[in-house]
Amino acid sequence: MEAPPVTVMPVTGGTINMMEYLLQGSVLDQALDSLLHRLRGLCDNMEPESFADHELVYLLKGQQGNPFMLRARRSLAHPTAPWHLRYLGQPEVGDKSRHALVRNCVDVAASHSLPDFLNEMGFRMDHEFVAKGHVFRKGALKVVVSKVSRVLVPGNTDNIEPLSLSYLVELSVLAPAGQDTVSEDMRSFAEQLKPLVHLEKIDPKRV
Amino acid sequence: MQQREEKQLEASVESLISRVAHLKNSLHGFIYKLENEYDRLTWPSVLDNFALLSGQLNTINKLLKNEKTPSFRNQIIIPLLLSPERDEELARLTEQRVPVFSHEIVPDHLRTKPDPEVEEQEKQLSAEAARIGPEVAQKQIQTLNKLCSNLLEKLNNPRDDRESESAAIRQNKPSFNPADTNALVGAVGYGKGLSKCRPPGSVAPGHPGQPMMTGGPTLQQVTIGGAQGHQAGMAPVAQQQAGQPGKMPSNIKTNIKSASASMHPYNR
């Protein structure tokens with residue numbers, strides 16, 4: 001799974017202000033082994049963790065304004081595991097003093113009837129993809145190295161095609177709002193992955 | 001003939017003695033350095049000393065193997081006189097190491113065979129070697145050779161691999177592609193490049209003039225209607241989202257409630 005259900009605390013009053021600090025980059029397939037090797041050295045000593053996830057992105061559109069987006073994820077490797085529903089807010093690029101992209105983030109675990117439930121609510125699936133890769137941790141830092149594939153036949157996760165010849169690399173930390181110091185740690189960690197991978201804050205609007 | 005051989009022997013003994021003296025001097029110097037200058041001694045100079053010693057040992061070996069050198073092995077030394085008294089001349093010659101030529105030390109100094117214990121061990125080993133057949137021995141030799149060559153290969157190859165790998169990295173072979181980064185980030189963030197898969201027949205909500213309740217309330221139409229019925233409420237919410245992402249969850253909640261209240265087919 002991209003992230004374990006982080007919100008262990010009960011949702012009280014609807015204002016859990018967890019922010020996700022994010023740096024993104026990519027690595028070519030042929031350099032993947034070097035990167036994994038380096039991550040194994042840099043990160044907490046743990047069993048290498050692999051995952052294969054199917055992510056469905058749902059939109060709820062109004063007449064004007066931005067559509068509202070929710071992401072539902074399920075593990076292909078562990079079909080019985082709960083689904084993972086995630087809301088991501090608008091990313092804030094911020095100024096130079098902050099080294100990472102920041103966006104609001106709500107994670108919840110959900111039952112397997114999540115797609116039906118979202119459909120009932122008026123959400124429509126906009127797109128889907130399959131991400132397969134590895135997760136590393138170093139304290140609060142989380143590094144996800146994954147191959148993103150498009151799903152050729154809707155809903156059939158066996159029939160997929162890699163999106164590019166690279167692996168997506170994401171370095172993220174979940175922290176309460178305003179803790180910009182974590183971005184400092186992220187920057188120093190990202191420094192150590194150079195020149196294999198350049199992790200940057202990428203404004204998705206400009207992509 | 002006899003005389004010539006004798007002369008040759010004498011000459012070679014003399015040259016051997018001088019070489020050994022050289023070796024002894026170098027050893028002296030080295031031991032002195034080790035004992036007195038160990039705090040200033042650098043590793044390279046230790047290596048130099050070792051190189052000198054090994055060079056001198058090599059020359060002695062060469063000298064012994066030289067054709068012109070008569071075989072010392074064939075020479076016999078017979079103790080003619082043993083005396084328990086101190087011999088000053090002998091002491092001087094041996095640098096005070098051997099002051100007396102007595103029955104006590106002669107068997108040690110003139111020994112031409114190994115110690116009895118060593119001889120015993122050697123006998124055991126050769127017995128064992130004789131016990132295994134030549135085929136088995138050959139096999140063992142081959143196994144050992146194989147092990148050694150494998151080990152050598154293992155020691156040599158990874159170094160090559162590592163070197164070539166780091167060389168490749170040093171050559172600035174790109175390990176990432178910014179275009180791929182953008183494509184991946186766009187795909188994961190906004191589904192860019194991923195096939196949009198709306199179920200056929202579903203119309204993007206928000207198009208005015210859609211026939212809403214024709215032919216009975218199917219679930220799909222009802223949902224669209226529900227969504228549309230709430231557009232008024234939705235729009236500000238969506239705008240608000242951009243500025244205050246933190247407030248979003250509570251807004252979703254209210255939307256869910258009101259939407260389900262108005263759109264649920266069984267409530268009608």
# chains A, B, ... in the order shown; residues from 1 in each chain; ligands from 1

$ closest_atom_pairs --of "chain A" --to "chain B" --cutoff "7 Å" --atoms "only C-alpha atoms" --output "tab-separated table"
residue	atom	partner	partner_atom	distance
A:Gly14	CA	B:Ser250	CA	4.8
A:Thr15	CA	B:Lys247	CA	6.4
A:Asn17	CA	B:Gly246	CA	5.8
A:Gly25	CA	B:Thr181	CA	5.4
A:Ser26	CA	B:Thr181	CA	4.9
A:Val27	CA	B:Phe176	CA	4.4
A:Leu28	CA	B:Phe176	CA	4.9
A:Ala31	CA	B:Ser175	CA	5.4
A:Lys61	CA	B:Pro205	CA	6.4
A:Gly62	CA	B:Gln231	CA	5.3
A:Gln63	CA	B:Gly206	CA	4.4
A:Gln64	CA	B:Ala235	CA	5.7
A:Gly65	CA	B:Ala235	CA	5.5
A:Asn66	CA	B:Ala238	CA	5.5
A:Pro67	CA	B:Ala238	CA	6.8
A:Phe68	CA	B:Ala238	CA	6.8
A:Gly89	CA	B:Pro245	CA	5.2
A:Gln90	CA	B:Ala242	CA	5.9
A:Asn104	CA	B:Pro245	CA	5.8
A:Glu120	CA	B:Thr223	CA	6.8
A:Met121	CA	B:Ile256	CA	7.0
A:Gly122	CA	B:Thr223	CA	5.3
A:Met125	CA	B:Arg198	CA	6.2
A:Asp126	CA	B:Lys196	CA	5.7
A:His127	CA	B:Lys196	CA	5.0
A:Arg150	CA	B:Leu194	CA	5.8
A:Pro154	CA	B:Cys197	CA	6.6
A:Ser164	CA	B:Asp180	CA	6.5
A:Ser166	CA	B:Asp180	CA	6.3
A:Leu168	CA	B:Leu184	CA	6.2
A:Leu196	CA	B:Ser175	CA	5.5
A:Val197	CA	B:Phe176	CA	6.2
A:Pro204	CA	B:Gly186	CA	6.0
A:Val207	CA	B:Asn182	CA	5.6

$ residues_around --residues "Leu36 (chain A)" --least-positions-apart "4" --cutoff "12 Å" --atoms "only C-alpha atoms" --output "PyMOL selection string"
chain A and resi 27+29-32+40-43+48-50+133-136+143-146+167+169+193+196-197

$ atom_distance --atom1 "CA of Asn61 (chain B)" --atom2 "CA of Ala11 (chain B)"
16.3 Å

$ atom_distance --atom1 "CA of Glu14 (chain B)" --atom2 "CA of Val100 (chain B)"
23.9 Å

$ atom_distance --atom1 "CA of Val108 (chain A)" --atom2 "CA of Leu88 (chain A)"
11.8 Å

$ residues_around --residues "region 101-108 of chain B" --least-positions-apart "4" --cutoff "6 Å" --atoms "only C-alpha atoms" --output "list in words"
Leu82, Ser83 and Pro84 of chain B

$ write_last_selection --atoms "N, CA, C and O atoms" --output "mmCIF file, in the first residue's frame"
data_model
loop_
_atom_site.group_PDB
_atom_site.id
_atom_site.type_symbol
_atom_site.label_atom_id
_atom_site.label_comp_id
_atom_site.auth_asym_id
_atom_site.auth_seq_id
_atom_site.Cartn_x
_atom_site.Cartn_y
_atom_site.Cartn_z
ATOM 1 N N LEU B 82 86.604 -32.173 20.628
ATOM 2 C CA LEU B 82 85.590 -31.609 21.515
ATOM 3 C C LEU B 82 86.282 -31.221 22.814
ATOM 4 O O LEU B 82 87.081 -31.970 23.349
ATOM 5 N N SER B 83 85.923 -30.029 23.272
ATOM 6 C CA SER B 83 86.560 -29.641 24.529
ATOM 7 C C SER B 83 85.552 -28.892 25.377
ATOM 8 O O SER B 83 84.780 -28.061 24.872
ATOM 9 N N PRO B 84 85.510 -29.155 26.662
ATOM 10 C CA PRO B 84 84.548 -28.464 27.527
ATOM 11 C C PRO B 84 85.049 -27.079 27.914
ATOM 12 O O PRO B 84 84.342 -26.362 28.640
#

$ select_by_dssp --residues "region 93-199 of chain A" --states "strand (DSSP E or B)" --output "NGL selection string"
:A and (101-110 or 124-138 or 141-151 or 160-162 or 166-176)

$ select_by_dssp --residues "region 63-141 of chain A" --states "alpha helix (DSSP H)" --output "MDAnalysis selection string"
chainID A and resid 114:120

$ write_last_selection --atoms "C-alpha atoms" --output "compact mmCIF listing (two decimals), in the first residue's frame"
# COMPACT_ATOMS: atom_id res chain seq x y z
CA LEU A 114 -15.59 1.39 -1.29
CA PRO A 115 -16.02 1.67 -5.11
CA ASP A 116 -19.74 0.99 -4.85
CA PHE A 117 -20.05 3.48 -2.04
CA LEU A 118 -18.25 6.18 -3.99
CA ASN A 119 -20.42 5.47 -7.01
CA GLU A 120 -23.52 5.82 -4.91

$ residues_around --residues "region 74-81 of chain A" --least-positions-apart "6" --cutoff "12 Å" --atoms "only C-alpha atoms" --output "compact mmCIF listing (two decimals) with all heavy atoms, in the first residue's frame"
# COMPACT_ATOMS: atom_id res chain seq x y z
N MET A 1 0.86 -1.18 0.00
CA MET A 1 0.00 0.00 0.00
C MET A 1 0.89 1.23 0.00
O MET A 1 2.00 1.22 0.49
CB MET A 1 -0.85 0.01 1.27
CG MET A 1 -1.84 -1.14 1.32
SD MET A 1 -3.46 -0.55 1.08
CE MET A 1 -4.01 -0.36 2.75
N GLU A 2 0.37 2.26 -0.55
CA GLU A 2 1.18 3.46 -0.61
C GLU A 2 1.48 3.97 0.79
O GLU A 2 2.57 4.38 1.09
CB GLU A 2 0.46 4.54 -1.40
CG GLU A 2 1.38 5.71 -1.69
CD GLU A 2 0.61 6.93 -2.09
OE1 GLU A 2 -0.18 7.43 -1.28
OE2 GLU A 2 0.79 7.36 -3.21
N ALA A 3 0.48 3.92 1.64
CA ALA A 3 0.72 4.34 3.01
C ALA A 3 -0.18 3.51 3.89
O ALA A 3 -1.31 3.21 3.51
CB ALA A 3 0.40 5.81 3.17
N PRO A 4 0.33 3.12 5.03
CA PRO A 4 -0.57 2.43 5.95
C PRO A 4 -1.57 3.45 6.46
O PRO A 4 -1.30 4.65 6.41
CB PRO A 4 0.36 1.97 7.06
CG PRO A 4 1.55 2.87 6.97
CD PRO A 4 1.65 3.32 5.56
N PRO A 5 -2.72 3.00 6.89
CA PRO A 5 -3.67 3.98 7.43
C PRO A 5 -3.01 4.78 8.53
O PRO A 5 -2.64 4.23 9.57
CB PRO A 5 -4.79 3.11 7.99
CG PRO A 5 -4.57 1.75 7.46
CD PRO A 5 -3.20 1.65 6.93
N GLU A 49 10.53 -4.20 1.46
CA GLU A 49 9.09 -4.32 1.36
C GLU A 49 8.65 -3.98 -0.05
O GLU A 49 8.95 -2.90 -0.56
CB GLU A 49 8.44 -3.36 2.36
CG GLU A 49 7.21 -3.90 3.01
CD GLU A 49 6.72 -2.96 4.08
OE1 GLU A 49 7.44 -2.72 5.06
OE2 GLU A 49 5.60 -2.46 3.93
N SER A 50 7.97 -4.90 -0.69
CA SER A 50 7.48 -4.65 -2.04
C SER A 50 5.96 -4.53 -2.01
O SER A 50 5.32 -5.03 -1.09
CB SER A 50 7.88 -5.79 -2.96
OG SER A 50 9.27 -5.94 -2.96
N PHE A 51 5.44 -3.87 -3.02
CA PHE A 51 3.99 -3.75 -3.07
C PHE A 51 3.53 -3.75 -4.52
O PHE A 51 4.30 -3.50 -5.44
CB PHE A 51 3.51 -2.48 -2.37
CG PHE A 51 3.89 -1.21 -3.09
CD1 PHE A 51 3.06 -0.67 -4.05
CD2 PHE A 51 5.09 -0.60 -2.82
CE1 PHE A 51 3.41 0.49 -4.73
CE2 PHE A 51 5.46 0.55 -3.49
CZ PHE A 51 4.62 1.10 -4.44
N ALA A 52 2.26 -4.08 -4.72
CA ALA A 52 1.62 -3.96 -6.03
C ALA A 52 0.22 -3.44 -5.76
O ALA A 52 -0.59 -4.13 -5.16
CB ALA A 52 1.59 -5.32 -6.72
N ASP A 53 -0.03 -2.21 -6.15
CA ASP A 53 -1.28 -1.56 -5.81
C ASP A 53 -2.04 -1.15 -7.07
O ASP A 53 -1.45 -0.86 -8.11
CB ASP A 53 -1.04 -0.30 -4.97
CG ASP A 53 -0.70 -0.65 -3.53
OD1 ASP A 53 -0.66 -1.85 -3.22
OD2 ASP A 53 -0.46 0.29 -2.75
N HIS A 54 -3.34 -1.12 -6.93
CA HIS A 54 -4.22 -0.64 -7.98
C HIS A 54 -4.89 0.61 -7.45
O HIS A 54 -5.55 0.56 -6.42
CB HIS A 54 -5.25 -1.74 -8.30
CG HIS A 54 -6.22 -1.36 -9.38
ND1 HIS A 54 -7.44 -1.94 -9.49
CD2 HIS A 54 -6.13 -0.45 -10.38
CE1 HIS A 54 -8.08 -1.41 -10.53
NE2 HIS A 54 -7.30 -0.51 -11.09
N GLU A 55 -4.67 1.73 -8.11
CA GLU A 55 -5.27 2.97 -7.62
C GLU A 55 -6.35 3.46 -8.57
O GLU A 55 -6.13 3.53 -9.79
CB GLU A 55 -4.20 4.06 -7.44
CG GLU A 55 -4.80 5.38 -6.95
CD GLU A 55 -3.79 6.34 -6.34
OE1 GLU A 55 -2.91 5.87 -5.60
OE2 GLU A 55 -3.90 7.54 -6.61
N LEU A 56 -7.51 3.76 -7.99
CA LEU A 56 -8.62 4.28 -8.78
C LEU A 56 -8.87 5.70 -8.30
O LEU A 56 -9.01 5.94 -7.10
CB LEU A 56 -9.88 3.43 -8.58
CG LEU A 56 -9.70 1.94 -8.85
CD1 LEU A 56 -9.73 1.17 -7.55
CD2 LEU A 56 -10.77 1.44 -9.78
N VAL A 57 -8.91 6.61 -9.24
CA VAL A 57 -9.10 8.00 -8.87
C VAL A 57 -10.53 8.40 -9.24
O VAL A 57 -10.96 8.24 -10.38
CB VAL A 57 -8.08 8.91 -9.58
CG1 VAL A 57 -8.30 10.36 -9.18
CG2 VAL A 57 -6.67 8.46 -9.23
N ALA A 109 -8.65 3.85 6.14
CA ALA A 109 -8.84 2.49 5.64
C ALA A 109 -10.32 2.32 5.34
O ALA A 109 -11.18 2.91 6.00
CB ALA A 109 -8.38 1.49 6.68
N ALA A 110 -10.62 1.52 4.34
CA ALA A 110 -12.02 1.35 3.95
C ALA A 110 -12.29 -0.11 3.64
O ALA A 110 -11.37 -0.89 3.39
CB ALA A 110 -12.36 2.22 2.75
N SER A 111 -13.56 -0.45 3.63
CA SER A 111 -13.92 -1.83 3.33
C SER A 111 -13.90 -2.04 1.81
O SER A 111 -13.70 -1.11 1.04
CB SER A 111 -15.29 -2.15 3.89
OG SER A 111 -16.25 -1.44 3.14
N HIS A 112 -14.16 -3.26 1.42
CA HIS A 112 -14.06 -3.58 -0.01
C HIS A 112 -15.22 -3.02 -0.84
O HIS A 112 -15.18 -3.08 -2.06
CB HIS A 112 -13.99 -5.11 -0.19
CG HIS A 112 -12.66 -5.65 0.25
ND1 HIS A 112 -11.90 -6.46 -0.55
CD2 HIS A 112 -11.95 -5.45 1.37
CE1 HIS A 112 -10.78 -6.75 0.09
NE2 HIS A 112 -10.79 -6.16 1.26
N SER A 113 -16.23 -2.50 -0.17
CA SER A 113 -17.36 -1.95 -0.92
C SER A 113 -17.13 -0.48 -1.26
O SER A 113 -18.04 0.20 -1.73
CB SER A 113 -18.63 -2.12 -0.11
OG SER A 113 -18.47 -1.55 1.18
N LEU A 114 -15.89 -0.03 -1.07
CA LEU A 114 -15.59 1.39 -1.29
C LEU A 114 -15.98 1.89 -2.69
O LEU A 114 -16.62 2.94 -2.80
CB LEU A 114 -14.11 1.63 -1.00
CG LEU A 114 -13.61 3.05 -1.24
CD1 LEU A 114 -14.25 4.02 -0.27
CD2 LEU A 114 -12.09 3.12 -1.09
N PRO A 115 -15.65 1.15 -3.78
CA PRO A 115 -16.02 1.67 -5.11
C PRO A 115 -17.52 1.84 -5.26
O PRO A 115 -17.99 2.87 -5.80
CB PRO A 115 -15.49 0.59 -6.07
CG PRO A 115 -14.46 -0.13 -5.30
CD PRO A 115 -14.87 -0.09 -3.88
N GLU A 128 -7.39 5.20 -13.70
CA GLU A 128 -6.83 4.22 -12.77
C GLU A 128 -5.43 3.86 -13.23
O GLU A 128 -5.07 4.06 -14.39
CB GLU A 128 -7.71 2.95 -12.74
CG GLU A 128 -7.81 2.26 -14.08
CD GLU A 128 -8.73 1.06 -14.07
OE1 GLU A 128 -8.89 0.46 -13.00
OE2 GLU A 128 -9.27 0.73 -15.13
N PHE A 129 -4.64 3.39 -12.30
CA PHE A 129 -3.31 2.91 -12.69
C PHE A 129 -2.85 1.86 -11.69
O PHE A 129 -3.44 1.69 -10.62
CB PHE A 129 -2.31 4.07 -12.79
CG PHE A 129 -2.09 4.82 -11.51
CD1 PHE A 129 -1.14 4.39 -10.59
CD2 PHE A 129 -2.83 5.97 -11.24
CE1 PHE A 129 -0.94 5.10 -9.42
CE2 PHE A 129 -2.62 6.68 -10.06
CZ PHE A 129 -1.67 6.24 -9.16
N VAL A 130 -1.82 1.16 -12.08
CA VAL A 130 -1.24 0.15 -11.21
C VAL A 130 0.17 0.60 -10.86
O VAL A 130 0.92 1.04 -11.74
CB VAL A 130 -1.20 -1.22 -11.90
CG1 VAL A 130 -0.38 -2.21 -11.08
CG2 VAL A 130 -2.61 -1.75 -12.08
N ALA A 131 0.52 0.55 -9.58
CA ALA A 131 1.86 0.92 -9.14
C ALA A 131 2.48 -0.28 -8.45
O ALA A 131 1.89 -0.86 -7.54
CB ALA A 131 1.80 2.12 -8.20
N LYS A 132 3.65 -0.66 -8.95
CA LYS A 132 4.36 -1.78 -8.33
C LYS A 132 5.74 -1.31 -7.96
O LYS A 132 6.40 -0.64 -8.77
CB LYS A 132 4.48 -2.95 -9.31
CG LYS A 132 3.17 -3.64 -9.60
CD LYS A 132 3.37 -4.79 -10.56
CE LYS A 132 2.01 -5.43 -10.85
NZ LYS A 132 2.13 -6.52 -11.82
N GLY A 133 6.19 -1.64 -6.77
CA GLY A 133 7.52 -1.18 -6.40
C GLY A 133 7.90 -1.52 -4.98
O GLY A 133 7.48 -2.53 -4.44
N ASN A 156 -9.19 -4.38 -15.44
CA ASN A 156 -8.40 -5.61 -15.52
C ASN A 156 -6.93 -5.30 -15.23
O ASN A 156 -6.21 -4.78 -16.08
CB ASN A 156 -8.56 -6.22 -16.92
CG ASN A 156 -7.79 -7.52 -17.05
OD1 ASN A 156 -7.15 -7.96 -16.10
ND2 ASN A 156 -7.86 -8.12 -18.21
N THR A 157 -6.53 -5.63 -14.02
CA THR A 157 -5.18 -5.23 -13.61
C THR A 157 -4.11 -6.20 -14.10
O THR A 157 -2.94 -6.01 -13.83
CB THR A 157 -5.09 -5.15 -12.07
OG1 THR A 157 -5.63 -6.35 -11.52
CG2 THR A 157 -5.85 -3.96 -11.55
N ASP A 158 -4.54 -7.26 -14.81
CA ASP A 158 -3.53 -8.15 -15.38
C ASP A 158 -3.03 -7.63 -16.72
O ASP A 158 -1.94 -7.97 -17.16
CB ASP A 158 -4.11 -9.56 -15.58
CG ASP A 158 -4.47 -10.18 -14.25
OD1 ASP A 158 -3.74 -9.93 -13.28
OD2 ASP A 158 -5.50 -10.87 -14.18

$ residues_around --residues "Thr112 (chain B)" --least-positions-apart "3" --cutoff "12 Å" --atoms "only C-alpha atoms" --output "MDAnalysis selection string"
chainID B and resid 72:78 106:109 115:116 119

$ residues_around --residues "Ser45 (chain B)" --least-positions-apart "6" --cutoff "12 Å" --atoms "only C-alpha atoms" --output "MDAnalysis selection string"
chainID B and resid 30 33:34 37:38 51:52

$ write_last_selection --atoms "N, CA and C atoms" --output "PDB file, in the first residue's frame"
ATOM      1  N   PHE B  30      67.485  -3.676  10.690  1.00  0.00           N
ATOM      2  CA  PHE B  30      66.030  -3.693  10.757  1.00  0.00           C
ATOM      3  C   PHE B  30      65.560  -3.922  12.186  1.00  0.00           C
ATOM      4  N   LYS B  33      66.069  -0.904  14.213  1.00  0.00           N
ATOM      5  CA  LYS B  33      65.030   0.095  13.935  1.00  0.00           C
ATOM      6  C   LYS B  33      63.723  -0.284  14.630  1.00  0.00           C
ATOM      7  N   LEU B  34      63.362  -1.560  14.531  1.00  0.00           N
ATOM      8  CA  LEU B  34      62.101  -1.996  15.131  1.00  0.00           C
ATOM      9  C   LEU B  34      62.119  -1.788  16.636  1.00  0.00           C
ATOM     10  N   GLU B  37      63.296   2.587  16.988  1.00  0.00           N
ATOM     11  CA  GLU B  37      62.637   3.691  16.269  1.00  0.00           C
ATOM     12  C   GLU B  37      61.209   3.343  15.901  1.00  0.00           C
ATOM     13  N   TYR B  38      60.605   2.412  16.666  1.00  0.00           N
ATOM     14  CA  TYR B  38      59.279   1.942  16.274  1.00  0.00           C
ATOM     15  C   TYR B  38      58.250   3.056  16.243  1.00  0.00           C
ATOM     16  N   ALA B  51      61.783  -5.708   1.620  1.00  0.00           N
ATOM     17  CA  ALA B  51      62.187  -5.903   0.232  1.00  0.00           C
ATOM     18  C   ALA B  51      63.692  -6.175   0.160  1.00  0.00           C
ATOM     19  N   LEU B  52      64.455  -5.413   0.955  1.00  0.00           N
ATOM     20  CA  LEU B  52      65.908  -5.600   0.979  1.00  0.00           C
ATOM     21  C   LEU B  52      66.256  -7.028   1.416  1.00  0.00           C
TER      22      LEU B  52
END

$ decode --residues "region 79-112 of chain B" --atoms "C-alpha atoms" --output "PDB file, in the first residue's frame"
ATOM      1  CA  PRO B  79      84.199 -32.821  14.655  1.00  0.00           C
ATOM      2  CA  LEU B  80      87.821 -33.626  15.387  1.00  0.00           C
ATOM      3  CA  LEU B  81      88.129 -32.170  18.791  1.00  0.00           C
ATOM      4  CA  LEU B  82      85.590 -31.609  21.515  1.00  0.00           C
ATOM      5  CA  SER B  83      86.560 -29.641  24.529  1.00  0.00           C
ATOM      6  CA  PRO B  84      84.548 -28.464  27.527  1.00  0.00           C
ATOM      7  CA  GLU B  85      86.734 -25.400  27.844  1.00  0.00           C
ATOM      8  CA  ARG B  86      86.087 -21.967  26.532  1.00  0.00           C
ATOM      9  CA  ASP B  87      87.614 -21.292  23.129  1.00  0.00           C
ATOM     10  CA  GLU B  88      88.240 -17.552  22.687  1.00  0.00           C
ATOM     11  CA  GLU B  89      88.887 -17.837  18.978  1.00  0.00           C
ATOM     12  CA  LEU B  90      85.561 -19.622  18.441  1.00  0.00           C
ATOM     13  CA  ALA B  91      83.739 -17.080  20.566  1.00  0.00           C
ATOM     14  CA  ARG B  92      85.191 -14.266  18.477  1.00  0.00           C
ATOM     15  CA  LEU B  93      84.269 -15.929  15.217  1.00  0.00           C
ATOM     16  CA  THR B  94      80.688 -16.535  16.319  1.00  0.00           C
ATOM     17  CA  GLU B  95      80.263 -13.125  17.966  1.00  0.00           C
ATOM     18  CA  GLN B  96      80.112 -14.670  21.435  1.00  0.00           C
ATOM     19  CA  ARG B  97      77.304 -16.945  20.473  1.00  0.00           C
ATOM     20  CA  VAL B  98      79.220 -20.184  20.740  1.00  0.00           C
ATOM     21  CA  PRO B  99      81.929 -19.928  23.412  1.00  0.00           C
ATOM     22  CA  VAL B 100      82.667 -23.655  23.786  1.00  0.00           C
ATOM     23  CA  PHE B 101      82.811 -26.516  21.355  1.00  0.00           C
ATOM     24  CA  SER B 102      81.618 -29.256  23.657  1.00  0.00           C
ATOM     25  CA  HIS B 103      79.753 -32.526  23.345  1.00  0.00           C
ATOM     26  CA  GLU B 104      76.669 -30.719  24.514  1.00  0.00           C
ATOM     27  CA  ILE B 105      76.284 -28.367  21.583  1.00  0.00           C
ATOM     28  CA  VAL B 106      77.952 -30.229  18.761  1.00  0.00           C
ATOM     29  CA  PRO B 107      75.003 -32.547  18.023  1.00  0.00           C
ATOM     30  CA  ASP B 108      72.841 -29.438  17.649  1.00  0.00           C
ATOM     31  CA  HIS B 109      75.176 -27.384  15.506  1.00  0.00           C
ATOM     32  CA  LEU B 110      76.372 -30.129  13.207  1.00  0.00           C
ATOM     33  CA  ARG B 111      73.036 -31.742  12.744  1.00  0.00           C
ATOM     34  CA  THR B 112      72.219 -32.686   9.160  1.00  0.00           C
TER      35      THR B 112
END
